[in-house]
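With compact mmCIF, C-alpha atoms and all ligand atoms inside, this is run.txt:
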# COMPACT_ATOMS: atom_id res chain seq x y z
CA MET A 163 -59.75 -120.67 17.84
CA GLN A 164 -61.34 -123.04 20.34
CA MET A 165 -63.13 -122.64 23.66
CA TYR A 166 -62.87 -118.87 23.48
CA ASP A 167 -63.41 -117.73 27.05
CA LEU A 168 -61.94 -114.23 27.14
CA PRO A 169 -61.55 -111.95 29.01
CA ASP A 170 -59.28 -113.24 31.80
CA GLU A 171 -60.31 -112.34 35.36
CA ARG A 172 -58.68 -108.89 35.13
CA GLY A 173 -60.61 -108.10 31.97
CA HIS A 174 -57.86 -108.59 29.39
CA PHE A 175 -58.50 -109.60 25.80
CA GLY A 176 -54.88 -110.34 24.90
CA PRO A 177 -53.07 -106.99 25.31
CA TYR A 178 -56.38 -105.03 25.30
CA GLY A 179 -59.04 -104.17 27.87
CA GLY A 180 -58.20 -103.99 31.58
CA VAL A 181 -59.10 -101.41 34.24
CA PHE A 182 -57.32 -98.07 33.75
CA VAL A 183 -59.17 -95.94 36.31
CA ALA A 184 -58.53 -93.90 39.44
CA GLU A 185 -58.42 -95.70 42.79
CA THR A 186 -61.83 -94.26 43.71
CA LEU A 187 -63.51 -96.12 40.85
CA MET A 188 -61.63 -99.38 41.36
CA HIS A 189 -63.81 -100.44 44.27
CA ALA A 190 -67.06 -99.71 42.40
CA LEU A 191 -65.87 -101.78 39.42
CA ASP A 192 -64.76 -104.68 41.63
CA GLU A 193 -68.16 -104.70 43.30
CA LEU A 194 -69.95 -104.56 39.94
CA ASN A 195 -67.85 -107.44 38.63
CA GLU A 196 -68.67 -109.55 41.66
CA HIS A 197 -72.41 -108.75 41.39
CA TYR A 198 -72.47 -109.50 37.69
CA LEU A 199 -70.61 -112.83 37.94
CA ARG A 200 -72.94 -113.97 40.72
CA HIS A 201 -76.10 -113.11 38.77
CA ARG A 202 -74.82 -114.52 35.48
CA SER A 203 -74.86 -117.97 37.05
CA ASP A 204 -78.16 -117.42 38.90
CA PRO A 205 -80.89 -119.31 37.00
CA GLU A 206 -83.61 -117.14 38.53
CA PHE A 207 -81.99 -113.91 37.28
CA MET A 208 -81.39 -115.37 33.83
CA ALA A 209 -85.01 -116.61 33.64
CA GLU A 210 -86.32 -113.16 34.59
CA LEU A 211 -84.14 -111.54 31.91
CA ALA A 212 -85.34 -114.03 29.30
CA TRP A 213 -88.98 -113.35 30.24
CA GLU A 214 -88.53 -109.57 29.93
CA LEU A 215 -86.73 -109.90 26.59
CA ARG A 216 -89.61 -111.97 25.27
CA HIS A 217 -92.61 -110.06 26.62
CA TYR A 218 -91.35 -106.48 26.83
CA VAL A 219 -88.63 -106.21 24.14
CA GLY A 220 -90.32 -108.62 21.69
CA ARG A 221 -87.56 -111.21 21.28
CA PRO A 222 -86.69 -113.30 19.44
CA SER A 223 -86.34 -110.81 16.60
CA PRO A 224 -86.88 -112.51 13.21
CA ILE A 225 -84.34 -113.18 10.48
CA TYR A 226 -85.59 -112.09 7.08
CA HIS A 227 -84.31 -113.27 3.69
CA ALA A 228 -83.99 -110.06 1.62
CA ARG A 229 -84.81 -111.78 -1.70
CA ARG A 230 -85.35 -108.74 -3.92
CA TRP A 231 -82.19 -107.04 -2.66
CA SER A 232 -80.24 -110.30 -3.17
CA GLU A 233 -81.55 -110.66 -6.74
CA HIS A 234 -80.43 -107.10 -7.42
CA PHE A 235 -76.82 -108.24 -6.72
CA GLY A 236 -77.06 -111.55 -8.58
CA GLY A 237 -74.70 -113.09 -6.03
CA ALA A 238 -74.96 -114.23 -2.42
CA GLN A 239 -78.27 -114.39 -0.55
CA VAL A 240 -78.54 -111.64 2.05
CA TYR A 241 -80.37 -112.30 5.31
CA LEU A 242 -81.17 -109.59 7.86
CA LYS A 243 -81.29 -110.03 11.63
CA ARG A 244 -84.13 -107.66 12.49
CA GLU A 245 -82.96 -105.89 15.67
CA ASP A 246 -84.86 -102.85 14.31
CA LEU A 247 -88.08 -104.60 15.40
CA ASN A 248 -87.20 -104.55 19.11
CA HIS A 249 -89.04 -102.17 21.44
CA THR A 250 -87.32 -98.73 21.07
CA GLY A 251 -86.11 -99.75 17.61
CA ALA A 252 -82.58 -101.05 18.10
CA HIS A 253 -80.35 -103.62 19.79
CA LYS A 254 -79.45 -101.26 22.65
CA ILE A 255 -82.33 -102.36 24.88
CA ASN A 256 -80.87 -105.90 25.12
CA ASN A 257 -78.12 -104.38 27.24
CA THR A 258 -80.05 -101.72 29.18
CA MET A 259 -82.63 -104.35 30.14
CA GLY A 260 -79.90 -106.62 31.53
CA GLN A 261 -78.15 -103.85 33.45
CA ALA A 262 -81.39 -102.38 34.85
CA LEU A 263 -82.47 -105.80 36.14
CA LEU A 264 -79.05 -106.16 37.74
CA ALA A 265 -79.36 -102.67 39.31
CA ARG A 266 -82.69 -103.67 40.83
CA ARG A 267 -81.35 -107.00 42.12
CA VAL A 268 -78.42 -105.34 43.90
CA GLY A 269 -80.67 -102.69 45.45
CA LYS A 270 -79.60 -99.56 43.52
CA PRO A 271 -82.65 -97.28 43.09
CA ARG A 272 -80.92 -94.87 40.67
CA VAL A 273 -79.35 -95.44 37.24
CA ILE A 274 -77.20 -93.07 35.17
CA ALA A 275 -76.04 -93.25 31.57
CA GLU A 276 -74.04 -91.31 28.98
CA THR A 277 -75.43 -90.77 25.51
CA GLY A 278 -74.26 -89.28 22.22
CA ALA A 279 -77.00 -89.52 19.61
CA GLY A 280 -79.47 -90.23 22.40
CA GLN A 281 -80.29 -93.84 21.50
CA HIS A 282 -78.65 -95.33 24.58
CA GLY A 283 -80.20 -92.59 26.71
CA VAL A 284 -83.66 -93.49 25.41
CA ALA A 285 -83.09 -97.23 25.94
CA THR A 286 -81.94 -96.52 29.52
CA ALA A 287 -84.82 -94.13 30.29
CA THR A 288 -87.22 -96.78 28.95
CA VAL A 289 -86.09 -99.58 31.27
CA ALA A 290 -85.79 -97.14 34.18
CA ALA A 291 -89.48 -96.27 33.73
CA ARG A 292 -90.32 -99.97 33.39
CA TYR A 293 -88.71 -100.78 36.78
CA GLY A 294 -89.39 -97.55 38.66
CA LEU A 295 -85.73 -96.52 38.85
CA LYS A 296 -84.63 -92.89 39.05
CA CYS A 297 -82.71 -92.00 35.88
CA THR A 298 -80.16 -89.31 34.99
CA VAL A 299 -78.67 -89.14 31.48
CA TYR A 300 -75.52 -87.12 30.68
CA MET A 301 -75.36 -85.68 27.19
CA GLY A 302 -72.94 -83.18 25.62
CA SER A 303 -74.67 -79.82 25.14
CA GLU A 304 -73.82 -79.92 21.40
CA ASP A 305 -75.61 -83.27 21.15
CA VAL A 306 -78.57 -81.93 23.16
CA LYS A 307 -79.02 -79.32 20.41
CA ARG A 308 -78.56 -81.75 17.52
CA GLN A 309 -80.75 -84.55 18.92
CA SER A 310 -83.73 -82.70 20.37
CA PRO A 311 -86.38 -85.39 19.61
CA ASN A 312 -84.43 -87.94 21.66
CA VAL A 313 -83.98 -85.43 24.49
CA TYR A 314 -87.75 -84.97 24.61
CA ARG A 315 -88.29 -88.75 24.46
CA MET A 316 -86.08 -89.22 27.52
CA LYS A 317 -87.96 -86.51 29.38
CA LEU A 318 -91.32 -88.06 28.48
CA LEU A 319 -90.01 -91.31 29.95
CA GLY A 320 -89.26 -89.52 33.21
CA ALA A 321 -85.48 -89.14 32.94
CA GLU A 322 -83.47 -86.07 33.88
CA VAL A 323 -81.17 -85.01 31.01
CA VAL A 324 -78.03 -83.13 32.10
CA PRO A 325 -76.28 -81.14 29.34
CA VAL A 326 -72.46 -81.36 29.64
CA GLU A 327 -70.59 -78.14 28.82
CA SER A 328 -66.98 -79.37 29.11
CA GLY A 329 -64.53 -80.28 26.32
CA SER A 330 -66.07 -80.75 22.88
CA LYS A 331 -69.53 -81.03 24.53
CA THR A 332 -70.15 -84.44 22.96
CA LEU A 333 -70.18 -88.15 23.87
CA LYS A 334 -66.71 -88.48 25.39
CA ASP A 335 -67.35 -85.53 27.71
CA ALA A 336 -70.72 -87.00 28.73
CA LEU A 337 -68.91 -90.25 29.58
CA ASN A 338 -66.41 -88.41 31.82
CA GLU A 339 -69.26 -86.64 33.61
CA ALA A 340 -71.20 -89.87 34.16
CA MET A 341 -68.06 -91.46 35.68
CA ARG A 342 -67.78 -88.48 38.04
CA ASP A 343 -71.40 -88.87 39.15
CA TRP A 344 -70.87 -92.60 39.72
CA VAL A 345 -67.81 -92.09 41.94
CA THR A 346 -69.77 -89.63 44.09
CA ASN A 347 -73.03 -91.61 44.32
CA VAL A 348 -71.93 -95.22 44.03
CA ALA A 349 -73.83 -96.31 47.17
CA ASP A 350 -77.24 -95.88 45.49
CA THR A 351 -76.33 -95.53 41.77
CA PHE A 352 -75.76 -98.03 38.95
CA TYR A 353 -73.89 -96.78 35.86
CA ILE A 354 -75.35 -98.30 32.68
CA ILE A 355 -72.65 -98.03 29.96
CA GLY A 356 -74.01 -98.20 26.41
CA SER A 357 -71.45 -100.26 24.49
CA VAL A 358 -68.72 -102.91 24.89
CA ALA A 359 -66.30 -100.12 25.87
CA GLY A 360 -64.98 -98.75 29.18
CA PRO A 361 -63.20 -100.60 31.99
CA HIS A 362 -63.75 -104.26 32.94
CA PRO A 363 -66.36 -105.70 33.51
CA TYR A 364 -68.36 -103.53 31.06
CA PRO A 365 -66.96 -104.93 27.76
CA MET A 366 -67.71 -108.49 28.95
CA MET A 367 -71.09 -107.70 30.53
CA VAL A 368 -72.46 -105.65 27.62
CA ARG A 369 -71.26 -108.33 25.19
CA ASP A 370 -73.00 -111.04 27.20
CA PHE A 371 -76.30 -109.13 27.28
CA ASN A 372 -76.14 -108.61 23.51
CA ALA A 373 -75.02 -112.18 22.73
CA VAL A 374 -78.68 -113.23 22.71
CA VAL A 375 -78.58 -111.88 19.13
CA GLY A 376 -75.87 -114.30 17.94
CA ARG A 377 -77.42 -117.22 19.81
CA GLU A 378 -80.75 -116.62 18.09
CA CYS A 379 -79.00 -116.30 14.72
CA ILE A 380 -77.39 -119.73 15.08
CA GLU A 381 -80.79 -121.34 15.74
CA GLN A 382 -82.72 -119.33 13.18
CA MET A 383 -80.23 -119.82 10.32
CA GLN A 384 -80.34 -123.58 10.90
CA GLU A 385 -84.15 -123.44 10.70
CA LEU A 386 -84.37 -121.10 7.72
CA ALA A 387 -81.46 -122.12 5.53
CA GLY A 388 -80.34 -125.41 7.03
CA ARG A 389 -76.89 -123.99 7.63
CA GLN A 390 -74.87 -121.10 8.99
CA PRO A 391 -73.93 -118.04 6.88
CA ASP A 392 -70.60 -117.69 5.07
CA ALA A 393 -70.16 -114.34 6.79
CA CYS A 394 -71.75 -112.27 9.56
CA ILE A 395 -71.59 -108.51 8.97
CA ALA A 396 -72.24 -105.78 11.56
CA CYS A 397 -71.46 -102.09 11.99
CA VAL A 398 -69.03 -101.05 14.72
CA GLY A 399 -69.37 -97.88 16.77
CA GLY A 400 -68.35 -98.92 20.28
CA GLY A 401 -69.02 -102.40 18.97
CA SER A 402 -71.92 -103.85 20.98
CA ASN A 403 -74.24 -104.97 18.18
CA ALA A 404 -71.29 -106.52 16.34
CA MET A 405 -69.90 -108.23 19.46
CA GLY A 406 -73.36 -109.56 20.34
CA MET A 407 -73.68 -111.14 16.92
CA PHE A 408 -70.05 -112.32 16.60
CA HIS A 409 -69.49 -113.80 20.05
CA PRO A 410 -71.53 -117.02 19.68
CA TYR A 411 -69.99 -117.49 16.21
CA ILE A 412 -66.35 -117.25 17.30
CA ASP A 413 -66.08 -121.02 17.73
CA VAL A 414 -68.18 -121.84 14.64
CA PRO A 415 -65.78 -122.75 11.83
CA GLY A 416 -66.23 -121.39 8.31
CA VAL A 417 -68.12 -118.24 9.31
CA ARG A 418 -66.27 -115.01 8.49
CA LEU A 419 -66.88 -112.15 10.94
CA VAL A 420 -66.81 -108.73 9.29
CA GLY A 421 -67.00 -105.51 11.34
CA VAL A 422 -67.79 -102.28 9.51
CA GLU A 423 -66.51 -98.94 10.77
CA ALA A 424 -67.62 -95.47 9.67
CA GLY A 425 -65.39 -94.27 6.85
CA GLY A 426 -66.94 -90.77 6.87
CA ASP A 427 -65.55 -88.77 3.93
CA GLY A 428 -63.09 -91.62 3.26
CA VAL A 429 -60.40 -93.04 5.56
CA ALA A 430 -57.68 -91.39 3.42
CA THR A 431 -59.14 -87.92 4.16
CA GLY A 432 -58.65 -88.34 7.92
CA ARG A 433 -62.32 -87.38 8.38
CA HIS A 434 -63.78 -90.68 9.62
CA ALA A 435 -64.57 -92.72 12.75
CA ALA A 436 -62.54 -95.86 12.03
CA PRO A 437 -60.01 -96.57 14.82
CA LEU A 438 -59.50 -100.23 13.83
CA SER A 439 -58.87 -99.31 10.19
CA ALA A 440 -56.69 -96.24 10.80
CA GLY A 441 -55.83 -95.93 14.50
CA ARG A 442 -53.36 -97.40 16.97
CA PRO A 443 -53.61 -98.77 20.52
CA GLY A 444 -53.81 -96.46 23.53
CA VAL A 445 -55.87 -95.92 26.68
CA LEU A 446 -59.23 -94.12 26.76
CA HIS A 447 -62.19 -94.31 29.15
CA GLY A 448 -60.57 -96.95 31.32
CA THR A 449 -59.56 -99.48 28.68
CA ARG A 450 -56.67 -100.24 26.31
CA THR A 451 -57.81 -100.47 22.70
CA TYR A 452 -57.40 -99.06 19.18
CA LEU A 453 -57.98 -95.30 19.17
CA MET A 454 -57.99 -92.40 16.75
CA GLN A 455 -55.10 -90.28 18.04
CA ASP A 456 -52.38 -87.98 16.76
CA GLU A 457 -48.60 -88.37 17.23
CA ASP A 458 -48.84 -87.00 20.78
CA GLY A 459 -51.69 -89.29 21.78
CA GLN A 460 -54.34 -86.54 21.57
CA ILE A 461 -57.73 -87.99 20.68
CA LEU A 462 -58.84 -86.90 17.20
CA ASP A 463 -62.27 -85.60 16.21
CA THR A 464 -64.56 -88.09 14.50
CA HIS A 465 -66.70 -87.64 11.39
CA SER A 466 -69.61 -89.76 10.22
CA VAL A 467 -73.07 -89.25 8.75
CA SER A 468 -74.22 -91.60 11.48
CA ALA A 469 -74.17 -90.18 15.01
CA GLY A 470 -74.16 -93.67 16.59
CA LEU A 471 -70.82 -94.60 14.99
CA ASP A 472 -69.14 -91.33 15.98
CA TYR A 473 -66.74 -92.61 18.68
CA PRO A 474 -62.91 -92.35 18.54
CA GLY A 475 -62.39 -95.70 20.30
CA VAL A 476 -63.80 -99.22 20.07
CA GLY A 477 -64.48 -102.10 22.48
CA PRO A 478 -61.24 -103.91 23.43
CA GLU A 479 -62.51 -107.34 22.34
CA HIS A 480 -62.71 -106.07 18.75
CA SER A 481 -59.06 -104.97 18.97
CA TRP A 482 -58.18 -108.52 20.00
CA LEU A 483 -60.34 -110.13 17.30
CA LYS A 484 -58.64 -107.90 14.72
CA ASP A 485 -55.06 -108.72 15.82
CA SER A 486 -55.84 -112.43 16.18
CA GLY A 487 -57.35 -112.47 12.69
CA ARG A 488 -60.64 -114.09 13.77
CA ALA A 489 -62.57 -111.01 12.62
CA GLU A 490 -61.91 -108.58 9.75
CA TYR A 491 -62.61 -104.86 9.90
CA VAL A 492 -63.37 -102.59 6.97
CA ALA A 493 -64.60 -99.00 6.57
CA ILE A 494 -67.61 -97.79 4.58
CA ASP A 495 -67.89 -94.13 3.50
CA ASP A 496 -70.95 -91.94 4.10
CA ALA A 497 -71.85 -92.03 0.40
CA ASP A 498 -71.91 -95.85 0.17
CA ALA A 499 -73.87 -96.13 3.43
CA LEU A 500 -76.49 -93.71 2.06
CA ARG A 501 -76.79 -95.69 -1.18
CA ALA A 502 -77.44 -98.88 0.80
CA PHE A 503 -79.94 -96.98 2.98
CA HIS A 504 -82.01 -95.96 -0.07
CA ASP A 505 -81.72 -99.37 -1.76
CA LEU A 506 -83.13 -101.16 1.27
CA CYS A 507 -86.01 -98.66 1.45
CA HIS A 508 -86.90 -99.19 -2.22
CA LEU A 509 -86.30 -102.89 -2.65
CA GLU A 510 -87.41 -104.30 0.70
CA GLY A 511 -89.68 -101.71 2.34
CA ILE A 512 -87.38 -101.39 5.34
CA ILE A 513 -85.95 -98.04 6.50
CA PRO A 514 -82.65 -98.93 8.25
CA ALA A 515 -80.70 -96.88 10.79
CA LEU A 516 -77.76 -95.06 9.19
CA GLU A 517 -75.45 -97.08 11.46
CA SER A 518 -76.87 -100.34 10.12
CA ALA A 519 -76.64 -98.99 6.55
CA HIS A 520 -72.83 -99.25 6.87
CA ALA A 521 -73.17 -103.03 7.40
CA LEU A 522 -75.66 -103.22 4.52
CA ALA A 523 -73.21 -101.40 2.23
CA GLN A 524 -70.53 -103.97 3.05
CA ALA A 525 -72.98 -106.75 2.12
CA ALA A 526 -73.62 -104.88 -1.15
CA ARG A 527 -69.87 -104.90 -1.76
CA MET A 528 -69.39 -108.62 -1.00
CA ALA A 529 -72.56 -110.20 -2.42
CA PRO A 530 -71.84 -109.69 -6.15
CA THR A 531 -68.47 -111.48 -5.77
CA MET A 532 -70.15 -114.58 -4.27
CA ARG A 533 -72.25 -117.51 -5.57
CA PRO A 534 -76.08 -117.53 -5.25
CA ASP A 535 -75.87 -120.51 -2.90
CA GLN A 536 -73.74 -118.53 -0.45
CA ILE A 537 -75.18 -116.52 2.46
CA LEU A 538 -74.43 -113.19 4.10
CA LEU A 539 -76.11 -112.40 7.44
CA VAL A 540 -76.32 -108.68 8.29
CA ASN A 541 -77.16 -107.34 11.73
CA LEU A 542 -79.82 -104.73 11.03
CA SER A 543 -79.06 -103.06 14.36
CA GLY A 544 -81.82 -100.44 14.26
CA ARG A 545 -84.60 -98.69 12.38
CA GLY A 546 -84.08 -95.41 10.55
CA ASP A 547 -86.93 -93.25 11.82
CA LYS A 548 -84.46 -91.28 13.94
CA ASP A 549 -82.40 -90.49 10.83
CA LEU A 550 -85.12 -89.04 8.59
CA ASN A 551 -84.03 -85.45 9.23
CA THR A 552 -80.38 -86.22 8.46
CA VAL A 553 -81.20 -88.03 5.23
CA ALA A 554 -83.66 -85.36 4.10
CA ARG A 555 -81.18 -82.56 4.83
CA LEU A 556 -78.51 -84.32 2.71
CA ALA A 557 -81.02 -84.52 -0.13
CA GLY A 558 -81.76 -80.80 0.25
CA ILE A 559 -85.29 -81.46 1.50
CA THR A 560 -86.90 -79.87 4.57
CA ILE A 561 -89.40 -82.06 6.42
C1 LIG A 601 -75.80 -97.03 18.97
C2 LIG A 601 -76.05 -97.76 17.72
C3 LIG A 601 -75.01 -98.42 17.02
C4 LIG A 601 -73.57 -98.35 17.44
O1 LIG A 601 -73.28 -98.92 18.68
P1 LIG A 601 -72.54 -100.32 18.83
O2 LIG A 601 -72.20 -100.40 20.26
O3 LIG A 601 -71.34 -100.31 17.94
O4 LIG A 601 -73.52 -101.37 18.41
C5 LIG A 601 -75.33 -99.15 15.89
N1 LIG A 601 -76.60 -99.21 15.43
C6 LIG A 601 -77.62 -98.58 16.05
C7 LIG A 601 -78.99 -98.68 15.48
C8 LIG A 601 -77.38 -97.82 17.21
O5 LIG A 601 -78.40 -97.20 17.81
Could you show the structure in this file as structure tokens?
Amino acid sequence: MQMYDLPDERGHFGPYGGVFVAETLMHALDELNEHYLRHRSDPEFMAELAWELRHYVGRPSPIYHARRWSEHFGGAQVYLKREDLNHTGAHKINNTMGQALLARRVGKPRVIAETGAGQHGVATATVAARYGLKCTVYMGSEDVKRQSPNVYRMKLLGAEVVPVESGSKTLKDALNEAMRDWVTNVADTFYIIGSVAGPHPYPMMVRDFNAVVGRECIEQMQELAGRQPDACIACVGGGSNAMGMFHPYIDVPGVRLVGVEAGGDGVATGRHAAPLSAGRPGVLHGTRTYLMQDEDGQILDTHSVSAGLDYPGVGPEHSWLKDSGRAEYVAIDDADALRAFHDLCHLEGIIPALESAHALAQAARMAPTMRPDQILLVNLSGRGDKDLNTVARLAGITI
């Protein structure tokens, strides 16, 4: 694949993506697209973003050669891209920083966001505080109960958290509610979506803001190992950390791109969150993409030990990369993700996010089948402090 420049100007990645929204939202999305395209080619905006990423977020994040873990496999060398070392502990701030700067540039004093586990809500509340923007975060009332530390974090940062009582009271309902707010308040409000999902231009814009990860990887691998990895591996919820890492590698020959979905109790059980592995295309939240749905097109419930991977859809660019064969997608069960979580703690002194542990488990599966002179690069998308309660509960421990 050469000179990959998707999406087209209507936001299509092959048959995926697009803008499936009501007329009332169409204008807001057109305006956003125009604003974004103008700023993307504005050197002053891009310089400001680069400065903030360096001095506030702490970029570039390092790449670390996990030697002890690699020796444990006796196969390929595993390198970790340390997005867990960013301010707020994950890759999500790469995107919220970009969108908040854009909101400020186009004169919108208020930002809104949806959140499931609360990570995107925290990353949005953080940049809103940094720039003095008013911030409202929509969160399903079930998630508000399950993720109380993140709810308190958002409040400390000055955000208003609105519990959503409709539907299943989780992420997809929060997203619907945020869309409703945006339609009503579009004159002064910027909607910061948290992954490469939703209608155009979000999948493109969120990918671009996260692509700093892949660009750094290309430079850092050259410096550290004198070459690029044999495969890049990243977990896929909505798909932003994976897309950010994969995008700059799409035109680099010889590098496999491996996306890892949440297999939950096992894909065969039906209790999972793996639309690319076991779903089919349909339309959800304004975009056409692979979805978990039943025969009648009803969206199915998701299951995963990791709240951040619990989404029944996926960014449309991943659907295209899957069909085109440029990327491969696999599923990792809860049990294997937990094993990789504990191994990284013991052997490297790094507590990974449960989301990232899915990518680590895929590396653990591939490394023993490879030669010691081969390289796997894993996107360690976040740190695991937020997951301590979940992991302890599974081990029957109260902390
Ligand atoms: C939110 C989150 C994810 C999943 O989101 P993507 O858009 O698929 O990247 C993965 N890892 C961490 C640490 C997260 O917080």
Shortest interatomic distance to ligand LIG 601 (chain A) - which of A:Thr286, A:Asn551, A:Ser486, A:Asn541, counting all atoms listed in the file
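Closest candidate: A:Asn541.
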Do you know which residues are at most 9 Å from Met366 in chain A counting all atoms listed in the file, after dropping those on the same chain fewer than 3 positions away, and could you put them as a list of chain:residue names?
A:Leu168, A:Pro169, A:Gly173, A:Val358, A:His362, A:Pro363, A:Arg369, A:Asp370, A:Phe371, A:Glu479
When distances are computed from all atoms listed in the file, which of A:Ala279, A:Leu199, A:Asp495, A:Lys331 shows the smallest separation from ligand LIG 601 (chain A)?
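Result for the nearest residue to ligand LIG 601 (chain A): A:Ala279.
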Quick one: which chain A residues come within 8 Å of ligand LIG 601 (chain A), and what is the nearest atom pair for each with the distance in Å to one decimal, counting only C-alpha atoms and all ligand atoms, rows ordered by chain and ascending number, as CSV?
residue,atom,partner,partner_atom,distance
A:Asp246,CA,A:LIG601,C7,7.3
A:Gly251,CA,A:LIG601,C7,7.5
A:Ala252,CA,A:LIG601,C7,5.0
A:His253,CA,A:LIG601,C7,6.7
A:Lys254,CA,A:LIG601,O5,6.4
A:Ala279,CA,A:LIG601,C1,7.6
A:Gln281,CA,A:LIG601,O5,5.3
A:His282,CA,A:LIG601,C1,6.5
A:Gly356,CA,A:LIG601,O2,6.8
A:Ser357,CA,A:LIG601,O2,4.3
A:Val358,CA,A:LIG601,O2,6.3
A:Cys397,CA,A:LIG601,O3,6.2
A:Val398,CA,A:LIG601,O3,4.0
A:Gly399,CA,A:LIG601,O3,3.3
A:Gly400,CA,A:LIG601,O3,4.0
A:Gly401,CA,A:LIG601,O3,3.3
A:Ser402,CA,A:LIG601,O2,3.5
A:Asn403,CA,A:LIG601,O4,3.7
A:Ala404,CA,A:LIG601,O4,6.0
A:Met405,CA,A:LIG601,O4,7.8
A:Gly470,CA,A:LIG601,C1,4.4
A:Leu471,CA,A:LIG601,C4,5.3
A:Val476,CA,A:LIG601,O3,7.9
A:Ala515,CA,A:LIG601,C7,5.3
A:Leu516,CA,A:LIG601,C7,7.4
A:Glu517,CA,A:LIG601,N1,4.6
A:Ser518,CA,A:LIG601,N1,5.4
A:Leu542,CA,A:LIG601,C7,7.6
A:Ser543,CA,A:LIG601,C7,4.5
A:Gly544,CA,A:LIG601,C7,3.5
A:Arg545,CA,A:LIG601,C7,6.4
A:Gly546,CA,A:LIG601,C7,7.8
Quick one: of A:Lys484, A:His434, A:Arg267, A:Arg450, who's nearest to Pro365 in chain A, counting only C-alpha atoms?
A:Arg450
What lies within 9 Å of range 375-384 of chain A using only C-alpha atoms, ignoring chain neighbours under 6 positions off, as a list of chain:residue names?
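Returned residues: A:Pro222, A:Ser223, A:Pro224, A:Ile225, A:Lys243, A:Glu245, A:His253, A:Asn256, A:Gln390, A:Pro391, A:Asn403, A:Met405, A:Gly406, A:Met407, A:Phe408, A:His409, A:Pro410, A:Tyr411, A:Leu539, A:Asn541.
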Quick one: 8 Å padding each side, axis-aligned, all listed atoms of range 288-301 of chain A - centre and edge lengths in Å to one decimal, as JSON?
{"center_x": -82.8, "center_y": -93.2, "center_z": 33.1, "size_x": 31.0, "size_y": 31.1, "size_z": 27.9}
Can you find the residues with an atom no farther than 8 Å from (-56.6, -98.6, 18.7), counting all atoms listed in the file, and report them as a compact mmCIF listing (two decimals) with C-alpha atoms, keeping the file's coordinate frame?
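Saved the output as selection_9.txt:
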# COMPACT_ATOMS: atom_id res chain seq x y z
CA PRO A 437 -60.01 -96.57 14.82
CA LEU A 438 -59.50 -100.23 13.83
CA GLY A 441 -55.83 -95.93 14.50
CA ARG A 442 -53.36 -97.40 16.97
CA PRO A 443 -53.61 -98.77 20.52
CA GLY A 444 -53.81 -96.46 23.53
CA ARG A 450 -56.67 -100.24 26.31
CA THR A 451 -57.81 -100.47 22.70
CA TYR A 452 -57.40 -99.06 19.18
CA LEU A 453 -57.98 -95.30 19.17
CA MET A 454 -57.99 -92.40 16.75
CA GLY A 475 -62.39 -95.70 20.30
CA VAL A 476 -63.80 -99.22 20.07
CA SER A 481 -59.06 -104.97 18.97
Measuring between all atoms listed in the file, which one of A:Val374, A:Ala521, A:Leu550, A:Leu419 shows the shortest distance to Ala212 in chain A?
A:Val374
Please list as a count of residues only every residue within 6 Å of range 420-432 of chain A, counting all atoms listed in the file and excluding residues in the same chain fewer than 6 positions away.
15
Provide the CA of His227 in chain A to CA of Arg244 in chain A distance in Å, to one decimal place.
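It comes out at 10.4 Å.
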Can you work out which one of A:Lys334, A:Arg272, A:His249, A:Arg555 has the shortest atom-to-atom distance to Cys297 in chain A, counting only C-alpha atoms?
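Nearest to Cys297 in chain A: A:Arg272.
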Neighbours of Ile513 in chain A within 8 Å (all atoms listed in the file; same-chain residues fewer than 3 positions away dropped), as a PyMOL selection string?
chain A and resi 503-504+506-507+545-547
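When the distance limit is 12 Å and all atoms listed in the file are what count, the residues near Gln239 in chain A, minus those fewer than 4 positions from it on the same chain, are Tyr226, His227, Ala228, Arg229, Arg230, Trp231, Ser232, Glu233, His234, Phe235, Ala387, Pro391, Asp392, Ala393, Ala525, Ala526, Met528, Ala529, Pro530, Thr531, Met532, Arg533, Pro534, Asp535, Gln536, Ile537, Leu538, Leu539 and Val540 of chain A.
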Mind completing range 365-371 of chain A with N, CA and C atoms? Output as a tab-separated table (two decimals), in the coordinates of the input, please?
chain	number	residue	atom	x	y	z
A	365	PRO	N	-67.03	-104.30	29.10
A	365	PRO	CA	-66.96	-104.93	27.76
A	365	PRO	C	-67.49	-106.37	27.76
A	366	MET	N	-67.23	-107.10	28.84
A	366	MET	CA	-67.71	-108.49	28.95
A	366	MET	C	-69.22	-108.51	29.19
A	367	MET	N	-69.68	-107.68	30.13
A	367	MET	CA	-71.09	-107.70	30.53
A	367	MET	C	-72.01	-107.24	29.39
A	368	VAL	N	-71.63	-106.16	28.71
A	368	VAL	CA	-72.46	-105.65	27.62
A	368	VAL	C	-72.47	-106.64	26.45
A	369	ARG	N	-71.33	-107.27	26.21
A	369	ARG	CA	-71.26	-108.33	25.19
A	369	ARG	C	-72.21	-109.47	25.54
A	370	ASP	N	-72.15	-109.92	26.79
A	370	ASP	CA	-73.00	-111.04	27.20
A	370	ASP	C	-74.49	-110.71	27.03
A	371	PHE	N	-74.88	-109.49	27.41
A	371	PHE	CA	-76.30	-109.13	27.28
A	371	PHE	C	-76.72	-109.02	25.82
